[in-house]
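Here is the structure we will look at.
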Amino acid sequence: MAAVAALSFPAAAVAADAPAQPVPQVKIVTSPWDAKNAPRSKYIKEVTETTTTANLNLRTKASTSSASKGVIPKGGVVKPTGKNSGKWKEVTWGSKRGWVSGDYLKTRTYTKDASARYMKSYTRIHETSAMNRDIGGVNFRTKVSLLEAKGSYSHIKTGSYHGWVPSNSLSTAKPAIQYRYVQKSGSMYSHWNPSKGKRIGRVHHGEKYEYRRWVGSTRRDEIKVNGKWVWTDVTNRSAIQPQYRYAQKNGTVYNKADKATDKAVGTIAKGTKVRWGDWDSKNRRDEVLHNDKWVWADVTGRPNPGPKITNVGNYGRFTTKNVTLLSSPATGSKSSGTLAKGMKVTVTHKADGGWVRVQSGSKSGYIKEKDNLRVHGPYSVAVYGTLRTGQSAYGVMGSFQQKNMDQRIADTSLYQLWNPNWTFLTNGAKTVVAEQFQYTDKQGPAMLRKLDAYESQLKYEGRPMYTRQKVTMSDKSQSWTYKTTPHSEKVVKNSGRYISSGDFLKRS
């Protein structure tokens with residue numbers, strides 16, 4: 001980064017975003033003016049402005065003992081209202097109106113080119129074309145009006161005042177934004193001068209910010225952070241890649257590195273990947289970005305410990321959407337297949353970060369359990385008893401998207417009544433073998449209506465023997481099945497034959 005000479009900033013220098021100034025008096029005259037670095041204009045504006053010759057208080061009354069409404073910087077543009085009181089004159093300055101001493105006002109007339117210019121870098125502005133009497137500075141990319149070009153210097157008008165700058169500091173096109181990168185985490189300040197500024201926060205390793213200017217005497221860049229221009233001494237042009245750390249074990253995060261004054265502000269789980277900002281060797285803590293906040297942790301390091309994978313003892317679930325299975329429990333891992341919405345899966349393992357390993361037929365892989373799996377299959381039906389291959393009733397179960405064999409309905413008993421092929425599922429302490437048929441959202445509602453109509457045909461004393469109920473399977477999933485009603489359950493338990501084995505009517 002190129003350094004410039006040490007800068008001296010007037011106390012009342014006005015920034016580029018100062019309040020808008022009064023519109024000067026203008027009359028249009030013709031001129032063949034063709035000055036260097038300025039295009040020929042058909043019409044040149046002759047402008048008369050009143051400016052201050054020193055930093056000047058804007059008073060509420062025509063008296064030095066009255067209150068000040070602010071300090072108008074030297075070279076500031078004001079507009080007289082026409083009211084006078086001795087040597088005092090009433091003026092407007094931006095949106096403010098007040099009184100100033102006429103001894104420090106000067107009226108000047110100049111020609112103004114209609115075209116705009118932009119500053120190619122931060123540049124000091126001077127009162128005369130001889131480049132003496134420094135009156136302030138103009139920031140990089142600031143839009144200015146070109147008033148006159150004389151040799152290698154140009155007369156410009158900013159939002160607050162006018163003066164002279166080197167012509168080569170101006171451009172007809174707005175320069176591209178420049179950026180600086182944080183080389184190491186450090187403080188940001190309110191001023192370029194350490195004796196005037198205060199620490200107002202931190203910037204962190206690898207961050208990128210819009211750049212405006214550089215002060216060589218204090219080696220500070222001016223950068224834009226969260227919409228505000230601040231100063232720091234830890235940036236330069238070199239782009240730098242962010243670094244990351246991993247939690248080596250479960251731990252706590254703190255608001256400070258200092259263990260004597262810190263406060264616990266959260267936790268971090270083993271394997272969590274976080275952006276790194278800084279390392280405090282005294283307290284042996286990393287500064288990391290966790291849950292969008294910069295905190296300090298003593299459980300992070302460079303190695304990726306990998307997720308902890310635990311065998312959970314298989315249980316069943318159903319997909320809530322079309323899902324992609326991944327080869328490992330990490331976002332961005334290679335795909336190992338896809339499953340459609342409504343498919344039954346067996347969860348075999350859990351991993352850190354909410355990941356689970358699932359099996360469905362020949363497919364297996366990892367997905368996030370939350371939002372991807374649910375306990376109840378809204379269009380899943382568990383079928384038991386006499387519904388065997390070849391029987392007419394079996395044809396009702398067509399158009400399914402998945403069938404799982406050798407499932408078991410938990411907490412049930414099985415009875416026969418009247419006909420050896422009539423079996424009734426009741427409440428009980430055993431499990432009964434079943435198949436599960438899964439249907440799509442499109443096919444499911446019609447299938448349930450069809451089964452409701454089919455199963456309601458068998459009646460006793462004018463009442464249906466079966467009703468569709470949600471049941472829990474032995475793998476902890478839930479499906480629909482057809483069980484006895486409270487009335488028919490009493491009938492079959494009193495008059496039917498209890499089937500001691502849930503495998504008695506296993507599929508043929």
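Each chain of the structure tokens is named A, B, ... in the order shown, its residues numbered from 1; ligands are numbered from 1 in display order.
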**Item:** Backbone-only DSSP, strand (DSSP E or B) members of region 121-318 of chain A, as JSON, numbers by chain
**Value:** {"A": [123, 124, 125, 126, 134, 135, 136, 137, 138, 143, 144, 145, 146, 147, 148, 149, 150, 153, 154, 155, 156, 157, 161, 162, 163, 164, 165, 166, 170, 171, 178, 179, 180, 181, 182, 186, 187, 188, 189, 199, 200, 201, 202, 203, 208, 209, 210, 211, 212, 213, 214, 215, 220, 221, 222, 223, 224, 225, 228, 229, 230, 231, 232, 235, 236, 243, 244, 245, 246, 247, 251, 252, 253, 254, 264, 265, 266, 267, 268, 273, 274, 275, 276, 277, 278, 279, 280, 285, 286, 287, 288, 289, 290, 293, 294, 295, 296, 297, 300, 301, 309, 310, 311, 312, 313, 314, 315, 316, 317, 318]}
Contacts of Val274 (chain A) at 10 Å or less, counting only C-alpha atoms, minus same-chain residues fewer than 5 places along, as a tab-separated table (two decimals) with all heavy atoms, in the first residue's frame?
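After the write, result_39.tsv holds the following:
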chain	number	residue	atom	x	y	z
A	243	GLN	N	-10.12	-18.47	7.72
A	243	GLN	CA	-9.72	-19.74	8.32
A	243	GLN	C	-10.86	-20.26	9.20
A	243	GLN	O	-11.70	-19.50	9.66
A	243	GLN	CB	-8.46	-19.57	9.15
A	243	GLN	CG	-7.22	-19.25	8.34
A	243	GLN	CD	-5.97	-19.25	9.20
A	243	GLN	OE1	-5.92	-19.83	10.28
A	243	GLN	NE2	-4.93	-18.58	8.71
A	244	TYR	N	-10.84	-21.57	9.41
A	244	TYR	CA	-11.92	-22.20	10.18
A	244	TYR	C	-11.33	-23.09	11.26
A	244	TYR	O	-10.19	-23.57	11.17
A	244	TYR	CB	-12.83	-23.01	9.25
A	244	TYR	CG	-13.55	-22.14	8.25
A	244	TYR	CD1	-12.98	-21.85	7.01
A	244	TYR	CD2	-14.78	-21.58	8.57
A	244	TYR	CE1	-13.63	-21.02	6.10
A	244	TYR	CE2	-15.44	-20.76	7.67
A	244	TYR	CZ	-14.86	-20.49	6.44
A	244	TYR	OH	-15.50	-19.67	5.54
A	245	ARG	N	-12.12	-23.31	12.29
A	245	ARG	CA	-11.76	-24.21	13.37
A	245	ARG	C	-12.94	-25.15	13.65
A	245	ARG	O	-14.07	-24.87	13.23
A	245	ARG	CB	-11.43	-23.41	14.65
A	245	ARG	CG	-10.24	-22.47	14.52
A	245	ARG	CD	-8.94	-23.22	14.34
A	245	ARG	NE	-7.79	-22.32	14.34
A	245	ARG	CZ	-7.24	-21.80	13.25
A	245	ARG	NH1	-7.79	-22.06	12.06
A	245	ARG	NH2	-6.18	-21.03	13.33
A	246	TYR	N	-12.65	-26.24	14.35
A	246	TYR	CA	-13.67	-27.23	14.71
A	246	TYR	C	-13.67	-27.43	16.22
A	246	TYR	O	-12.61	-27.46	16.85
A	246	TYR	CB	-13.40	-28.57	14.03
A	246	TYR	CG	-13.43	-28.50	12.52
A	246	TYR	CD1	-12.28	-28.18	11.79
A	246	TYR	CD2	-14.60	-28.77	11.81
A	246	TYR	CE1	-12.30	-28.12	10.41
A	246	TYR	CE2	-14.63	-28.71	10.42
A	246	TYR	CZ	-13.48	-28.39	9.73
A	246	TYR	OH	-13.51	-28.32	8.36
A	247	ALA	N	-14.87	-27.57	16.76
A	247	ALA	CA	-14.97	-27.89	18.19
A	247	ALA	C	-14.50	-29.33	18.38
A	247	ALA	O	-15.07	-30.26	17.80
A	247	ALA	CB	-16.40	-27.72	18.68
A	268	ILE	N	-21.13	-24.90	22.49
A	268	ILE	CA	-20.75	-25.33	21.14
A	268	ILE	C	-20.59	-26.84	21.17
A	268	ILE	O	-20.05	-27.40	22.13
A	268	ILE	CB	-19.46	-24.62	20.67
A	268	ILE	CG1	-19.17	-24.93	19.20
A	268	ILE	CG2	-18.27	-24.96	21.56
A	268	ILE	CD1	-18.06	-24.07	18.62
A	287	GLU	N	-10.94	-16.90	19.08
A	287	GLU	CA	-12.11	-16.08	18.78
A	287	GLU	C	-12.76	-16.66	17.53
A	287	GLU	O	-12.10	-16.79	16.49
A	287	GLU	CB	-11.71	-14.63	18.55
A	287	GLU	CG	-12.91	-13.70	18.38
A	287	GLU	CD	-12.52	-12.26	18.11
A	287	GLU	OE1	-11.41	-12.05	17.55
A	287	GLU	OE2	-13.29	-11.35	18.44
A	288	VAL	N	-14.03	-17.03	17.63
A	288	VAL	CA	-14.70	-17.71	16.52
A	288	VAL	C	-16.08	-17.11	16.30
A	288	VAL	O	-16.69	-16.53	17.21
A	288	VAL	CB	-14.84	-19.23	16.79
A	288	VAL	CG1	-13.47	-19.89	16.86
A	288	VAL	CG2	-15.64	-19.48	18.08
A	289	LEU	N	-16.57	-17.24	15.07
A	289	LEU	CA	-17.91	-16.77	14.72
A	289	LEU	C	-18.87	-17.94	14.88
A	289	LEU	O	-18.87	-18.88	14.08
A	289	LEU	CB	-17.93	-16.26	13.28
A	289	LEU	CG	-19.23	-15.63	12.79
A	289	LEU	CD1	-19.57	-14.39	13.61
A	289	LEU	CD2	-19.14	-15.28	11.31
A	290	HIS	N	-19.69	-17.87	15.91
A	290	HIS	CA	-20.61	-18.97	16.24
A	290	HIS	C	-22.02	-18.41	16.38
A	290	HIS	O	-22.24	-17.47	17.17
A	290	HIS	CB	-20.16	-19.64	17.54
A	290	HIS	CG	-21.02	-20.80	17.96
A	290	HIS	ND1	-21.36	-21.82	17.10
A	290	HIS	CD2	-21.59	-21.11	19.15
A	290	HIS	CE1	-22.09	-22.71	17.75
A	290	HIS	NE2	-22.26	-22.28	18.99
A	291	ASN	N	-22.96	-18.96	15.60
A	291	ASN	CA	-24.35	-18.46	15.61
A	291	ASN	C	-24.40	-16.95	15.35
A	291	ASN	O	-25.12	-16.20	16.00
A	291	ASN	CB	-25.04	-18.79	16.94
A	291	ASN	CG	-25.24	-20.28	17.14
A	291	ASN	OD1	-25.34	-21.03	16.18
A	291	ASN	ND2	-25.29	-20.71	18.38
A	292	ASP	N	-23.57	-16.51	14.36
A	292	ASP	CA	-23.53	-15.12	13.90
A	292	ASP	C	-23.00	-14.14	14.94
A	292	ASP	O	-23.22	-12.93	14.82
A	292	ASP	CB	-24.92	-14.66	13.43
A	292	ASP	CG	-25.42	-15.45	12.23
A	292	ASP	OD1	-24.59	-15.77	11.36
A	292	ASP	OD2	-26.63	-15.75	12.17
A	294	TRP	N	-19.39	-13.15	17.36
A	294	TRP	CA	-17.99	-13.43	17.67
A	294	TRP	C	-17.86	-13.70	19.16
A	294	TRP	O	-18.23	-12.86	19.99
A	294	TRP	CB	-17.09	-12.27	17.26
A	294	TRP	CG	-16.92	-12.20	15.77
A	294	TRP	CD1	-17.57	-11.41	14.89
A	294	TRP	CD2	-16.02	-13.01	14.99
A	294	TRP	NE1	-17.15	-11.64	13.60
A	294	TRP	CE2	-16.20	-12.63	13.63
A	294	TRP	CE3	-15.10	-14.00	15.29
A	294	TRP	CZ2	-15.48	-13.20	12.60
A	294	TRP	CZ3	-14.37	-14.58	14.25
A	294	TRP	CH2	-14.56	-14.19	12.93
A	300	THR	N	-11.82	-25.35	20.62
A	300	THR	CA	-11.71	-25.41	19.16
A	300	THR	C	-10.25	-25.61	18.73
A	300	THR	O	-9.32	-25.25	19.45
A	300	THR	CB	-12.25	-24.12	18.52
A	300	THR	OG1	-11.65	-22.98	19.16
A	300	THR	CG2	-13.75	-24.04	18.66
A	301	GLY	N	-10.09	-26.20	17.55
A	301	GLY	CA	-8.76	-26.43	17.00
A	301	GLY	C	-8.85	-26.66	15.51
A	301	GLY	O	-9.95	-26.73	14.93
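Excluding His205 (chain A) itself and same-chain residues fewer than 2 positions from it, the residues having an atom within 8 Å of it are Val182, Gln183, Lys184, Ser185, Val203, Glu207, Pro242, Gln243, Trp276, Gly277 and Asp278 of chain A, counting only C-alpha atoms.
Checking A:Ala54, A:Val100, A:Met188, A:Ile200 one by one against Arg133 (chain A), counting only C-alpha atoms, you find the shortest gap at A:Ala54.
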**Message:** If we count only C-alpha atoms and set the cut-off at 10 Å, which residues sit around region 444-451 of chain A, ignoring sequence neighbours fewer than 2 positions away in its own chain? Please answer as number ranges by chain.
**Reply:** A: 342, 378-381, 393, 396-400, 438-442, 453-456, 468, 480-482
I need the residues from that last selection saved to file as a PDB file, in the first residue's frame (with C-alpha atoms), if you can.
ATOM      1  CA  GLY A 342     -43.927 -40.946   2.024  1.00  0.00           C
ATOM      2  CA  PRO A 378     -50.450 -40.463   6.643  1.00  0.00           C
ATOM      3  CA  TYR A 379     -50.956 -42.848   3.719  1.00  0.00           C
ATOM      4  CA  SER A 380     -49.403 -45.975   5.221  1.00  0.00           C
ATOM      5  CA  VAL A 381     -51.641 -48.995   5.919  1.00  0.00           C
ATOM      6  CA  ALA A 393     -59.470 -58.633  -1.123  1.00  0.00           C
ATOM      7  CA  VAL A 396     -57.782 -53.678  -3.248  1.00  0.00           C
ATOM      8  CA  MET A 397     -54.210 -52.858  -2.192  1.00  0.00           C
ATOM      9  CA  GLY A 398     -52.888 -51.969  -5.658  1.00  0.00           C
ATOM     10  CA  SER A 399     -50.976 -48.884  -6.879  1.00  0.00           C
ATOM     11  CA  PHE A 400     -48.770 -48.616  -3.790  1.00  0.00           C
ATOM     12  CA  GLN A 438     -47.174 -46.840   1.483  1.00  0.00           C
ATOM     13  CA  TYR A 439     -49.118 -44.646  -0.962  1.00  0.00           C
ATOM     14  CA  THR A 440     -48.321 -41.254  -2.484  1.00  0.00           C
ATOM     15  CA  ASP A 441     -50.104 -38.032  -1.578  1.00  0.00           C
ATOM     16  CA  LYS A 442     -51.960 -38.311  -4.870  1.00  0.00           C
ATOM     17  CA  ALA A 453     -65.819 -48.766   2.323  1.00  0.00           C
ATOM     18  CA  TYR A 454     -64.459 -52.303   1.932  1.00  0.00           C
ATOM     19  CA  GLU A 455     -63.843 -52.943   5.644  1.00  0.00           C
ATOM     20  CA  SER A 456     -67.203 -51.511   6.737  1.00  0.00           C
ATOM     21  CA  ARG A 468     -59.634 -47.564  10.781  1.00  0.00           C
ATOM     22  CA  TRP A 480     -53.322 -46.961   9.789  1.00  0.00           C
ATOM     23  CA  THR A 481     -54.867 -50.394  10.250  1.00  0.00           C
ATOM     24  CA  TYR A 482     -58.369 -51.868  10.747  1.00  0.00           C
TER      25      TYR A 482
END
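When CA of Ala130 (chain A) is paired with CA of Ser145 (chain A), their separation reads 19.5 Å.
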**Prompt:** Hey, what's within 10 Å of Gly86 (chain A) if we count only C-alpha atoms and toss same-chain stuff fewer than 6 positions away? As a PyMOL selection string, please?
**Reply:** chain A and resi 62+101-102
Dump of all heavy atoms for the selected residues, as an mmCIF file, in the first residue's frame:
data_model
loop_
_atom_site.group_PDB
_atom_site.id
_atom_site.type_symbol
_atom_site.label_atom_id
_atom_site.label_comp_id
_atom_site.auth_asym_id
_atom_site.auth_seq_id
_atom_site.Cartn_x
_atom_site.Cartn_y
_atom_site.Cartn_z
ATOM 1 N N ALA A 62 -27.496 38.737 16.349
ATOM 2 C CA ALA A 62 -26.373 39.545 15.841
ATOM 3 C C ALA A 62 -25.494 40.002 16.993
ATOM 4 O O ALA A 62 -25.344 41.194 17.276
ATOM 5 C CB ALA A 62 -26.903 40.741 15.045
ATOM 6 N N SER A 101 -20.592 37.536 11.288
ATOM 7 C CA SER A 101 -19.908 38.809 11.090
ATOM 8 C C SER A 101 -19.545 38.977 9.624
ATOM 9 O O SER A 101 -18.920 38.092 9.025
ATOM 10 C CB SER A 101 -18.645 38.858 11.951
ATOM 11 O OG SER A 101 -17.874 39.996 11.616
ATOM 12 N N GLY A 102 -19.927 40.117 9.048
ATOM 13 C CA GLY A 102 -19.622 40.379 7.635
ATOM 14 C C GLY A 102 -18.149 40.540 7.367
ATOM 15 O O GLY A 102 -17.716 40.497 6.202
#
Within 12 Å of Trp88 (chain A), counting only C-alpha atoms, which residues show up once you throw out same-chain ones fewer than 5 positions away? Write them as an mmCIF file with all heavy atoms, in the first residue's frame, please.
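Saved file out_23.cif follows:
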data_model
loop_
_atom_site.group_PDB
_atom_site.id
_atom_site.type_symbol
_atom_site.label_atom_id
_atom_site.label_comp_id
_atom_site.auth_asym_id
_atom_site.auth_seq_id
_atom_site.Cartn_x
_atom_site.Cartn_y
_atom_site.Cartn_z
ATOM 1 N N ASN A 57 -18.621 31.025 13.521
ATOM 2 C CA ASN A 57 -19.824 30.620 14.248
ATOM 3 C C ASN A 57 -21.069 31.220 13.609
ATOM 4 O O ASN A 57 -21.090 32.402 13.245
ATOM 5 C CB ASN A 57 -19.758 31.091 15.703
ATOM 6 C CG ASN A 57 -18.942 30.153 16.569
ATOM 7 O OD1 ASN A 57 -19.317 28.996 16.732
ATOM 8 N ND2 ASN A 57 -17.844 30.653 17.118
ATOM 9 N N LEU A 58 -22.103 30.397 13.481
ATOM 10 C CA LEU A 58 -23.414 30.851 13.037
ATOM 11 C C LEU A 58 -24.219 31.149 14.306
ATOM 12 O O LEU A 58 -24.585 30.222 15.047
ATOM 13 C CB LEU A 58 -24.101 29.777 12.192
ATOM 14 C CG LEU A 58 -25.482 30.139 11.633
ATOM 15 C CD1 LEU A 58 -25.365 31.259 10.595
ATOM 16 C CD2 LEU A 58 -26.154 28.909 11.016
ATOM 17 N N ARG A 59 -24.481 32.450 14.587
ATOM 18 C CA ARG A 59 -25.097 32.872 15.840
ATOM 19 C C ARG A 59 -26.613 32.969 15.714
ATOM 20 O O ARG A 59 -27.155 33.213 14.629
ATOM 21 C CB ARG A 59 -24.542 34.235 16.267
ATOM 22 C CG ARG A 59 -23.043 34.282 16.446
ATOM 23 C CD ARG A 59 -22.605 33.567 17.706
ATOM 24 N NE ARG A 59 -21.152 33.668 17.912
ATOM 25 C CZ ARG A 59 -20.525 33.152 18.959
ATOM 26 N NH1 ARG A 59 -21.224 32.509 19.891
ATOM 27 N NH2 ARG A 59 -19.221 33.276 19.078
ATOM 28 N N THR A 60 -27.292 32.800 16.866
ATOM 29 C CA THR A 60 -28.749 32.931 16.882
ATOM 30 C C THR A 60 -29.173 34.392 16.766
ATOM 31 O O THR A 60 -30.273 34.689 16.293
ATOM 32 C CB THR A 60 -29.330 32.334 18.181
ATOM 33 O OG1 THR A 60 -28.715 32.985 19.303
ATOM 34 C CG2 THR A 60 -29.078 30.845 18.245
ATOM 35 N N LYS A 61 -28.313 35.313 17.214
ATOM 36 C CA LYS A 61 -28.586 36.741 17.144
ATOM 37 C C LYS A 61 -27.336 37.473 16.654
ATOM 38 O O LYS A 61 -26.252 36.884 16.595
ATOM 39 C CB LYS A 61 -28.996 37.282 18.516
ATOM 40 C CG LYS A 61 -30.281 36.677 19.056
ATOM 41 C CD LYS A 61 -30.603 37.245 20.434
ATOM 42 C CE LYS A 61 -31.876 36.631 21.001
ATOM 43 N NZ LYS A 61 -32.201 37.169 22.345
ATOM 44 N N ALA A 62 -27.496 38.737 16.349
ATOM 45 C CA ALA A 62 -26.373 39.545 15.841
ATOM 46 C C ALA A 62 -25.494 40.002 16.993
ATOM 47 O O ALA A 62 -25.344 41.194 17.276
ATOM 48 C CB ALA A 62 -26.903 40.741 15.045
ATOM 49 N N SER A 63 -24.887 39.004 17.665
ATOM 50 C CA SER A 63 -24.053 39.314 18.832
ATOM 51 C C SER A 63 -23.132 38.132 19.112
ATOM 52 O O SER A 63 -23.544 36.968 18.987
ATOM 53 C CB SER A 63 -24.932 39.588 20.054
ATOM 54 O OG SER A 63 -24.160 39.637 21.229
ATOM 55 N N THR A 64 -21.897 38.447 19.521
ATOM 56 C CA THR A 64 -20.952 37.372 19.848
ATOM 57 C C THR A 64 -21.331 36.660 21.141
ATOM 58 O O THR A 64 -20.830 35.577 21.425
ATOM 59 C CB THR A 64 -19.523 37.935 19.987
ATOM 60 O OG1 THR A 64 -19.527 38.992 20.956
ATOM 61 C CG2 THR A 64 -19.015 38.443 18.658
ATOM 62 N N PRO A 80 -26.754 35.023 1.871
ATOM 63 C CA PRO A 80 -27.318 36.141 2.636
ATOM 64 C C PRO A 80 -28.819 36.281 2.385
ATOM 65 O O PRO A 80 -29.291 36.115 1.257
ATOM 66 C CB PRO A 80 -26.558 37.356 2.107
ATOM 67 C CG PRO A 80 -25.294 36.794 1.528
ATOM 68 C CD PRO A 80 -25.665 35.470 0.963
ATOM 69 N N THR A 81 -29.569 36.589 3.440
ATOM 70 C CA THR A 81 -31.016 36.788 3.301
ATOM 71 C C THR A 81 -31.361 38.224 2.966
ATOM 72 O O THR A 81 -32.508 38.523 2.603
ATOM 73 C CB THR A 81 -31.728 36.399 4.605
ATOM 74 O OG1 THR A 81 -31.346 37.318 5.643
ATOM 75 C CG2 THR A 81 -31.385 34.987 5.016
ATOM 76 N N GLY A 82 -30.382 39.133 3.147
ATOM 77 C CA GLY A 82 -30.633 40.557 2.907
ATOM 78 C C GLY A 82 -30.816 41.352 4.180
ATOM 79 O O GLY A 82 -30.827 42.594 4.150
ATOM 80 N N LYS A 83 -30.936 40.678 5.319
ATOM 81 C CA LYS A 83 -31.075 41.372 6.586
ATOM 82 C C LYS A 83 -29.701 41.688 7.157
ATOM 83 O O LYS A 83 -28.826 40.820 7.196
ATOM 84 C CB LYS A 83 -31.866 40.526 7.590
ATOM 85 C CG LYS A 83 -33.329 40.335 7.230
ATOM 86 C CD LYS A 83 -34.051 39.549 8.324
ATOM 87 C CE LYS A 83 -35.530 39.378 7.998
ATOM 88 N NZ LYS A 83 -36.227 38.618 9.086
ATOM 89 N N GLY A 98 -29.051 31.979 10.544
ATOM 90 C CA GLY A 98 -28.490 32.686 11.687
ATOM 91 C C GLY A 98 -27.682 33.892 11.255
ATOM 92 O O GLY A 98 -27.738 34.321 10.096
ATOM 93 N N TRP A 99 -26.872 34.423 12.203
ATOM 94 C CA TRP A 99 -26.127 35.650 11.967
ATOM 95 C C TRP A 99 -24.618 35.395 12.018
ATOM 96 O O TRP A 99 -24.158 34.589 12.826
ATOM 97 C CB TRP A 99 -26.487 36.684 13.028
ATOM 98 C CG TRP A 99 -27.911 37.151 12.915
ATOM 99 C CD1 TRP A 99 -29.000 36.530 13.409
ATOM 100 C CD2 TRP A 99 -28.373 38.310 12.241
ATOM 101 N NE1 TRP A 99 -30.146 37.214 13.103
ATOM 102 C CE2 TRP A 99 -29.776 38.338 12.376
ATOM 103 C CE3 TRP A 99 -27.741 39.347 11.532
ATOM 104 C CZ2 TRP A 99 -30.564 39.345 11.838
ATOM 105 C CZ3 TRP A 99 -28.530 40.356 11.005
ATOM 106 C CH2 TRP A 99 -29.924 40.348 11.153
ATOM 107 N N VAL A 100 -23.892 36.067 11.119
ATOM 108 C CA VAL A 100 -22.432 35.983 11.100
ATOM 109 C C VAL A 100 -21.862 37.389 10.926
ATOM 110 O O VAL A 100 -22.541 38.310 10.459
ATOM 111 C CB VAL A 100 -21.920 35.073 9.949
ATOM 112 C CG1 VAL A 100 -22.373 33.644 10.139
ATOM 113 C CG2 VAL A 100 -22.374 35.612 8.593
ATOM 114 N N SER A 101 -20.592 37.536 11.288
ATOM 115 C CA SER A 101 -19.908 38.809 11.090
ATOM 116 C C SER A 101 -19.545 38.977 9.624
ATOM 117 O O SER A 101 -18.920 38.092 9.025
ATOM 118 C CB SER A 101 -18.645 38.858 11.951
ATOM 119 O OG SER A 101 -17.874 39.996 11.616
ATOM 120 N N GLY A 102 -19.927 40.117 9.048
ATOM 121 C CA GLY A 102 -19.622 40.379 7.635
ATOM 122 C C GLY A 102 -18.149 40.540 7.367
ATOM 123 O O GLY A 102 -17.716 40.497 6.202
ATOM 124 N N ASP A 103 -17.327 40.720 8.428
ATOM 125 C CA ASP A 103 -15.886 40.861 8.236
ATOM 126 C C ASP A 103 -15.256 39.587 7.696
ATOM 127 O O ASP A 103 -14.128 39.622 7.183
ATOM 128 C CB ASP A 103 -15.217 41.231 9.565
ATOM 129 C CG ASP A 103 -15.612 42.613 10.055
ATOM 130 O OD1 ASP A 103 -16.086 43.412 9.223
ATOM 131 O OD2 ASP A 103 -15.442 42.879 11.265
ATOM 132 N N TYR A 104 -15.964 38.458 7.845
ATOM 133 C CA TYR A 104 -15.388 37.161 7.446
ATOM 134 C C TYR A 104 -16.141 36.525 6.286
ATOM 135 O O TYR A 104 -16.148 35.303 6.117
ATOM 136 C CB TYR A 104 -15.377 36.220 8.651
ATOM 137 C CG TYR A 104 -14.582 36.754 9.810
ATOM 138 C CD1 TYR A 104 -15.217 37.385 10.873
ATOM 139 C CD2 TYR A 104 -13.193 36.667 9.800
ATOM 140 C CE1 TYR A 104 -14.487 37.907 11.932
ATOM 141 C CE2 TYR A 104 -12.456 37.186 10.853
ATOM 142 C CZ TYR A 104 -13.104 37.803 11.914
ATOM 143 O OH TYR A 104 -12.375 38.311 12.946
ATOM 144 N N LEU A 105 -16.781 37.383 5.496
ATOM 145 C CA LEU A 105 -17.466 36.911 4.293
ATOM 146 C C LEU A 105 -16.800 37.477 3.060
ATOM 147 O O LEU A 105 -16.289 38.596 3.060
ATOM 148 C CB LEU A 105 -18.945 37.326 4.318
ATOM 149 C CG LEU A 105 -19.815 36.757 5.438
ATOM 150 C CD1 LEU A 105 -21.241 37.267 5.293
ATOM 151 C CD2 LEU A 105 -19.790 35.234 5.439
#
**Residue contacts of Lys483 (chain A) (10 Å, only C-alpha atoms) excluding same-chain residues fewer than 6 positions away, as a list of chain:residue names** = A:Thr412, A:Leu414, A:Thr423, A:Phe424, A:Leu425, A:Thr426, A:Asn427, A:Glu455, A:Met465, A:Tyr466, A:Thr467, A:Arg468, A:Gln469, A:Lys470, A:Val471, A:Glu489
Keeping N, CA and C atoms for every residue in the selection just given, could you write it to a file as a short mmCIF file (atom, residue, chain, number, x, y, z; two decimals), in the first residue's frame?
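Saved as result.cif:
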data_model
loop_
_atom_site.label_atom_id
_atom_site.label_comp_id
_atom_site.auth_asym_id
_atom_site.auth_seq_id
_atom_site.Cartn_x
_atom_site.Cartn_y
_atom_site.Cartn_z
N THR A 412 -51.06 -55.77 20.59
CA THR A 412 -52.30 -56.28 19.97
C THR A 412 -52.49 -57.76 20.29
N LEU A 414 -54.88 -61.25 18.47
CA LEU A 414 -55.58 -61.68 17.26
C LEU A 414 -56.59 -62.76 17.62
N THR A 423 -60.39 -62.75 10.79
CA THR A 423 -59.53 -62.47 11.95
C THR A 423 -59.76 -61.03 12.40
N PHE A 424 -59.64 -60.85 13.70
CA PHE A 424 -59.92 -59.54 14.28
C PHE A 424 -58.75 -59.11 15.17
N LEU A 425 -58.29 -57.88 14.91
CA LEU A 425 -57.20 -57.31 15.70
C LEU A 425 -57.80 -56.53 16.88
N THR A 426 -57.37 -56.88 18.07
CA THR A 426 -57.85 -56.22 19.28
C THR A 426 -56.66 -55.68 20.08
N ASN A 427 -56.97 -55.00 21.16
CA ASN A 427 -55.90 -54.58 22.08
C ASN A 427 -55.38 -55.80 22.82
N GLU A 455 -63.88 -52.36 4.31
CA GLU A 455 -63.84 -52.94 5.64
C GLU A 455 -65.15 -52.73 6.42
N MET A 465 -67.80 -54.20 12.19
CA MET A 465 -66.86 -54.90 13.06
C MET A 465 -65.47 -54.22 13.09
N TYR A 466 -65.13 -53.52 11.99
CA TYR A 466 -63.81 -52.89 11.88
C TYR A 466 -63.94 -51.37 11.83
N THR A 467 -62.91 -50.70 12.29
CA THR A 467 -62.77 -49.26 12.12
C THR A 467 -61.30 -48.94 11.89
N ARG A 468 -61.04 -47.92 11.05
CA ARG A 468 -59.63 -47.56 10.78
C ARG A 468 -59.07 -46.80 11.98
N GLN A 469 -57.92 -47.26 12.46
CA GLN A 469 -57.29 -46.65 13.62
C GLN A 469 -55.78 -46.51 13.40
N LYS A 470 -55.20 -45.52 14.06
CA LYS A 470 -53.75 -45.34 14.01
C LYS A 470 -53.12 -46.26 15.05
N VAL A 471 -52.15 -47.06 14.62
CA VAL A 471 -51.50 -47.99 15.54
C VAL A 471 -49.99 -47.79 15.50
N GLU A 489 -64.99 -55.61 19.76
CA GLU A 489 -63.90 -56.21 20.53
C GLU A 489 -64.45 -57.09 21.65
#
